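Listing of data01.pdb, PDB, C-alpha atoms, pLDDT in the B column
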```
ATOM      1  CA  MET A   1     -29.458  -2.493  -4.236  1.00 61.00           C
ATOM      2  CA  TYR A   2     -30.882  -0.994  -7.430  1.00 65.00           C
ATOM      3  CA  ALA A   3     -28.844  -3.395  -9.540  1.00 68.00           C
ATOM      4  CA  VAL A   4     -30.551  -6.350  -7.852  1.00 70.00           C
ATOM      5  CA  VAL A   5     -33.978  -4.796  -8.518  1.00 70.00           C
ATOM      6  CA  PHE A   6     -33.064  -4.269 -12.192  1.00 68.00           C
ATOM      7  CA  LEU A   7     -31.792  -7.833 -12.340  1.00 68.00           C
ATOM      8  CA  ILE A   8     -35.105  -9.200 -11.062  1.00 73.00           C
ATOM      9  CA  CYS A   9     -37.163  -6.899 -13.322  1.00 71.00           C
ATOM     10  CA  GLY A  10     -35.087  -7.963 -16.311  1.00 72.00           C
ATOM     11  CA  LEU A  11     -35.666 -11.588 -15.479  1.00 70.00           C
ATOM     12  CA  VAL A  12     -39.434 -11.035 -15.137  1.00 74.00           C
ATOM     13  CA  PHE A  13     -39.664  -9.072 -18.413  1.00 69.00           C
ATOM     14  CA  SER A  14     -37.637 -11.754 -20.212  1.00 71.00           C
ATOM     15  CA  ILE A  15     -39.925 -14.521 -18.922  1.00 71.00           C
ATOM     16  CA  MET A  16     -42.999 -12.495 -19.892  1.00 68.00           C
ATOM     17  CA  GLY A  17     -41.628 -12.047 -23.417  1.00 66.00           C
ATOM     18  CA  LEU A  18     -40.697 -15.708 -23.757  1.00 65.00           C
ATOM     19  CA  ALA A  19     -44.061 -16.875 -22.351  1.00 66.00           C
ATOM     20  CA  ASN A  20     -45.939 -15.319 -25.279  1.00 67.00           C
ATOM     21  CA  PRO A  21     -43.669 -15.822 -28.323  1.00 64.00           C
ATOM     22  CA  SER A  22     -46.584 -15.408 -30.762  1.00 68.00           C
ATOM     23  CA  ASP A  23     -47.507 -11.957 -29.424  1.00 69.00           C
ATOM     24  CA  GLU A  24     -45.318  -9.460 -31.332  1.00 71.00           C
ATOM     25  CA  SER A  25     -46.034  -6.676 -28.847  1.00 71.00           C
ATOM     26  CA  MET A  26     -44.043  -8.627 -26.219  1.00 69.00           C
ATOM     27  CA  ILE A  27     -40.808  -8.634 -28.266  1.00 69.00           C
ATOM     28  CA  PRO A  28     -39.704  -5.154 -27.027  1.00 74.00           C
ATOM     29  CA  VAL A  29     -40.532  -6.203 -23.452  1.00 71.00           C
ATOM     30  CA  MET A  30     -38.422  -9.319 -23.880  1.00 71.00           C
ATOM     31  CA  PHE A  31     -35.445  -7.329 -25.250  1.00 73.00           C
ATOM     32  CA  LEU A  32     -35.830  -4.778 -22.446  1.00 73.00           C
ATOM     33  CA  GLY A  33     -35.767  -7.665 -19.969  1.00 74.00           C
ATOM     34  CA  PHE A  34     -32.615  -9.118 -21.513  1.00 75.00           C
ATOM     35  CA  ALA A  35     -30.940  -5.695 -21.480  1.00 76.00           C
ATOM     36  CA  LEU A  36     -31.847  -5.058 -17.841  1.00 76.00           C
ATOM     37  CA  PHE A  37     -30.803  -8.542 -16.794  1.00 77.00           C
ATOM     38  CA  PHE A  38     -27.406  -8.619 -18.500  1.00 76.00           C
ATOM     39  CA  GLY A  39     -26.695  -4.958 -17.764  1.00 77.00           C
ATOM     40  CA  SER A  40     -27.284  -5.611 -14.077  1.00 79.00           C
ATOM     41  CA  LEU A  41     -25.013  -8.658 -14.165  1.00 76.00           C
ATOM     42  CA  VAL A  42     -22.200  -6.623 -15.744  1.00 80.00           C
ATOM     43  CA  TYR A  43     -22.680  -3.819 -13.223  1.00 81.00           C
ATOM     44  CA  LEU A  44     -22.584  -6.210 -10.258  1.00 79.00           C
ATOM     45  CA  LYS A  45     -19.460  -7.930 -11.635  1.00 81.00           C
ATOM     46  CA  THR A  46     -17.581  -4.653 -12.160  1.00 83.00           C
ATOM     47  CA  LYS A  47     -18.697  -3.398  -8.737  1.00 82.00           C
ATOM     48  CA  ALA A  48     -17.285  -6.539  -7.104  1.00 82.00           C
ATOM     49  CA  ASP A  49     -14.033  -6.103  -9.051  1.00 84.00           C
ATOM     50  CA  ARG A  50     -13.746  -2.459  -7.953  1.00 85.00           C
ATOM     51  CA  GLU A  51     -14.321  -3.415  -4.318  1.00 87.00           C
ATOM     52  CA  LYS A  52     -11.721  -6.183  -4.566  1.00 87.00           C
ATOM     53  CA  LYS A  53      -9.167  -3.763  -6.062  1.00 87.00           C
ATOM     54  CA  GLU A  54      -9.881  -1.187  -3.350  1.00 89.00           C
ATOM     55  CA  ILE A  55      -9.336  -3.784  -0.621  1.00 87.00           C
ATOM     56  CA  GLU A  56      -6.050  -4.874  -2.227  1.00 86.00           C
ATOM     57  CA  ARG A  57      -4.933  -1.221  -2.515  1.00 86.00           C
ATOM     58  CA  LYS A  58      -5.637  -0.645   1.196  1.00 85.00           C
ATOM     59  CA  ARG A  59      -3.765  -3.833   2.122  1.00 84.00           C
ATOM     60  CA  SER A  60      -0.802  -2.729   0.020  1.00 82.00           C
ATOM     61  CA  ILE A  61      -0.721   0.665   1.747  1.00 80.00           C
ATOM     62  CA  ALA A  62      -0.919  -1.021   5.152  1.00 76.00           C
ATOM     63  CA  ARG A  63       1.999  -3.333   4.262  1.00 77.00           C
ATOM     64  CA  LYS A  64       4.111  -0.371   3.114  1.00 75.00           C
ATOM     65  CA  ASP A  65       3.284   1.617   6.267  1.00 70.00           C
ATOM     66  CA  LYS A  66       4.238  -1.348   8.441  1.00 69.00           C
ATOM     67  CA  ALA A  67       7.513  -1.786   6.539  1.00 67.00           C
ATOM     68  CA  ILE A  68       8.330   1.909   7.000  1.00 65.00           C
ATOM     69  CA  GLU A  69       7.582   1.689  10.740  1.00 64.00           C
ATOM     70  CA  ILE A  70       9.859  -1.342  11.082  1.00 59.00           C
ATOM     71  CA  ASP A  71      12.573   0.418   9.083  1.00 61.00           C
ATOM     72  CA  TRP A  72      12.382   3.539  11.306  1.00 58.00           C
ATOM     73  CA  ALA A  73      12.443   1.443  14.466  1.00 57.00           C
ATOM     74  CA  LYS A  74      15.530  -0.351  13.177  1.00 57.00           C
ATOM     75  CA  LYS A  75      17.265   2.909  12.305  1.00 57.00           C
ATOM     76  CA  LYS A  76      16.290   4.471  15.615  1.00 55.00           C
ATOM     77  CA  ALA A  77      17.807   1.516  17.462  1.00 48.00           C
ATOM     78  CA  GLU A  78      20.995   1.806  15.407  1.00 52.00           C
ATOM     79  CA  ALA A  79      21.314   5.517  16.230  1.00 58.00           C
ATOM     80  CA  ASP A  80      22.118   4.870  19.910  1.00 80.00           C
ATOM     81  CA  TYR A  81      25.792   5.772  20.155  1.00 87.00           C
ATOM     82  CA  SER A  82      27.717   7.102  23.143  1.00 88.00           C
ATOM     83  CA  VAL A  83      30.876   9.189  23.530  1.00 92.00           C
ATOM     84  CA  GLY A  84      34.058   7.097  23.597  1.00 93.00           C
ATOM     85  CA  GLU A  85      32.533   4.197  21.697  1.00 93.00           C
ATOM     86  CA  ARG A  86      34.605   2.586  18.933  1.00 95.00           C
ATOM     87  CA  VAL A  87      32.968   2.363  15.503  1.00 94.00           C
ATOM     88  CA  LYS A  88      33.894   1.249  11.996  1.00 94.00           C
ATOM     89  CA  HIS A  89      33.005   2.906   8.673  1.00 93.00           C
ATOM     90  CA  ASN A  90      33.393   1.176   5.298  1.00 90.00           C
ATOM     91  CA  ILE A  91      35.492   3.992   3.801  1.00 91.00           C
ATOM     92  CA  PHE A  92      36.995   5.899   6.742  1.00 93.00           C
ATOM     93  CA  GLY A  93      37.912   2.847   8.803  1.00 93.00           C
ATOM     94  CA  GLU A  94      37.876   2.636  12.604  1.00 95.00           C
ATOM     95  CA  GLY A  95      37.343   5.590  14.902  1.00 95.00           C
ATOM     96  CA  THR A  96      36.162   6.873  18.269  1.00 96.00           C
ATOM     97  CA  VAL A  97      32.921   8.788  18.843  1.00 94.00           C
ATOM     98  CA  LEU A  98      33.758  12.277  20.185  1.00 95.00           C
ATOM     99  CA  SER A  99      30.221  13.711  20.451  1.00 93.00           C
ATOM    100  CA  VAL A 100      26.596  12.699  19.880  1.00 91.00           C
ATOM    101  CA  LYS A 101      23.888  15.267  19.140  1.00 90.00           C
ATOM    102  CA  LYS A 102      20.341  13.848  18.925  1.00 85.00           C
ATOM    103  CA  ILE A 103      18.326  15.240  16.001  1.00 82.00           C
ATOM    104  CA  SER A 104      14.744  13.928  15.703  1.00 76.00           C
ATOM    105  CA  ASN A 105      15.031  10.182  14.924  1.00 76.00           C
ATOM    106  CA  ASP A 106      18.711  10.484  14.093  1.00 82.00           C
ATOM    107  CA  ALA A 107      21.985  11.614  15.674  1.00 86.00           C
ATOM    108  CA  MET A 108      24.868  13.778  14.441  1.00 90.00           C
ATOM    109  CA  LEU A 109      28.076  11.942  15.327  1.00 93.00           C
ATOM    110  CA  GLU A 110      31.494  13.531  15.488  1.00 95.00           C
ATOM    111  CA  ILE A 111      33.995  10.721  15.012  1.00 96.00           C
ATOM    112  CA  ALA A 112      37.803  10.821  15.173  1.00 96.00           C
ATOM    113  CA  PHE A 113      38.893   8.235  12.617  1.00 96.00           C
ATOM    114  CA  ASP A 114      42.361   6.723  12.988  1.00 93.00           C
ATOM    115  CA  SER A 115      43.368   7.266   9.353  1.00 91.00           C
ATOM    116  CA  VAL A 116      41.454  10.323   8.021  1.00 92.00           C
ATOM    117  CA  GLY A 117      40.849  12.568  11.028  1.00 93.00           C
ATOM    118  CA  THR A 118      37.616  13.960  12.432  1.00 94.00           C
ATOM    119  CA  LYS A 119      34.313  13.699  10.502  1.00 95.00           C
ATOM    120  CA  LYS A 120      30.712  14.652  11.300  1.00 95.00           C
ATOM    121  CA  LEU A 121      28.207  12.034  10.104  1.00 93.00           C
ATOM    122  CA  MET A 122      24.487  11.365  10.493  1.00 90.00           C
ATOM    123  CA  ALA A 123      24.105   7.991  12.236  1.00 86.00           C
ATOM    124  CA  ASN A 124      21.210   6.677  10.105  1.00 81.00           C
ATOM    125  CA  PHE A 125      22.751   7.788   6.831  1.00 84.00           C
ATOM    126  CA  ALA A 126      26.342   6.682   7.361  1.00 84.00           C
ATOM    127  CA  LYS A 127      27.036   2.972   7.327  1.00 83.00           C
ATOM    128  CA  ILE A 128      28.665   2.725  10.733  1.00 87.00           C
ATOM    129  CA  THR A 129      28.921  -0.375  12.881  1.00 88.00           C
ATOM    130  CA  LYS A 130      29.913  -0.650  16.506  1.00 89.00           C
ATOM    131  CA  ILE A 131      33.062  -2.647  17.336  1.00 88.00           C
TER     132      ILE A 131
END
```

Could you spell out this file's structure in C-alpha cells?
Amino acid sequence: MYAVVFLICGLVFSIMGLANPSDESMIPVMFLGFALFFGSLVYLKTKADREKKEIERKRSIARKDKAIEIDWAKKKAEADYSVGERVKHNIFGEGTVLSVKKISNDAMLEIAFDSVGTKKLMANFAKITKI
C-alpha cells in the first residue's frame, strides 16, 4: 500500500520538477520524485518475486507431502500378508509365511525359506513379492 503511495508521490514530484525546468529550486524535488518513483517500482517488483517464490515453495511442499502419502499407502497395501502365504525374496528365494506381527504401518514377517531357513523381515523394507 505504501509503495503505491510513494510511487504516485514520486510521479507527482517528477512532473513538478519537469514542469519548471528553469527554476533551480525544483531540481531537488525532481530528483526526489525520480528516487521515490523508481524505488517504489523496484520494491513492488521484488515483492511480487518474493510472493511468487513463496507460492512455488508451498506448491513444492504440497507435492512432496502428496508423494509421501501415496508412497505410504502403497507400502501399507503391500504389508498385508497372511500365515501360510507363499512369497519370494530376491536373495533368499521362495518361502512360506509362518507369522505376521503388525507394527504401526508395517509388519514383522517370519518366513521359512526353502533354501536358507527361517528369517524375520520387515514387510515394507524387504523386497518380498507374493506368489

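Within 9 Å of Asp114 of chain A, once only C-alpha atoms are used and residues closer than 3 positions along the same chain are dropped, the contacting residues are Phe92, Gly93, Glu94, Gly95, Thr96, Gly117 and Thr118 of chain A.
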
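Within the 7 Å cut-off around segment 97-106 of chain A, using all atoms listed in the file and omitting residues fewer than 6 positions from it on the same chain, the listed residues are Lys76, Ala79, Tyr81, Ser82, Val83, Gly84, Glu85, Arg86, Ala112, Met122, Ala123 and Asn124 of chain A.
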
Selection file, C-alpha atoms, as a short mmCIF file (atom, residue, chain, number, x, y, z; two decimals), in the coordinates of the input:
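New file again-v5.cif:
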```
data_model
loop_
_atom_site.label_atom_id
_atom_site.label_comp_id
_atom_site.auth_asym_id
_atom_site.auth_seq_id
_atom_site.Cartn_x
_atom_site.Cartn_y
_atom_site.Cartn_z
CA LYS A 76 16.29 4.47 15.62
CA ALA A 79 21.31 5.52 16.23
CA TYR A 81 25.79 5.77 20.16
CA SER A 82 27.72 7.10 23.14
CA VAL A 83 30.88 9.19 23.53
CA GLY A 84 34.06 7.10 23.60
CA GLU A 85 32.53 4.20 21.70
CA ARG A 86 34.60 2.59 18.93
CA ALA A 112 37.80 10.82 15.17
CA MET A 122 24.49 11.36 10.49
CA ALA A 123 24.10 7.99 12.24
CA ASN A 124 21.21 6.68 10.10
#
```

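Atom pair atom CA of Leu32 of chain A / atom CA of Lys47 of chain A has a distance of 22.0 Å (rounded to one decimal).
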
For segment 126-128 of chain A: contacts at 9 Å, all atoms listed in the file, fewer than 5 positions along chain excluded, given as JSON, numbers by chain: {"A": [87, 88, 89, 90, 121]}

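Each of A:Ser25, A:Ile8, A:Leu41, A:Ile91 was compared to Val116 of chain A using only C-alpha atoms, and A:Ile91 turns out to be the nearest.
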
Quote the spacing between atom CA of Ser14 of chain A and atom CA of Val42 of chain A in Å to one decimal place. 16.9 Å

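With atom CA of Ala35 of chain A on one side and atom CA of Gly10 of chain A on the other, the separation reads 7.0 Å.
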
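Each of A:Ala48, A:Ala62, A:Leu109, A:Ile55 was compared to Asp80 of chain A using all atoms listed in the file, and A:Leu109 turns out to be the nearest.
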
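Nearest to Cys9 of chain A of all the residues A:Leu36, A:Ile61, A:Met30, A:Leu44 is A:Leu36, based on only C-alpha atoms.
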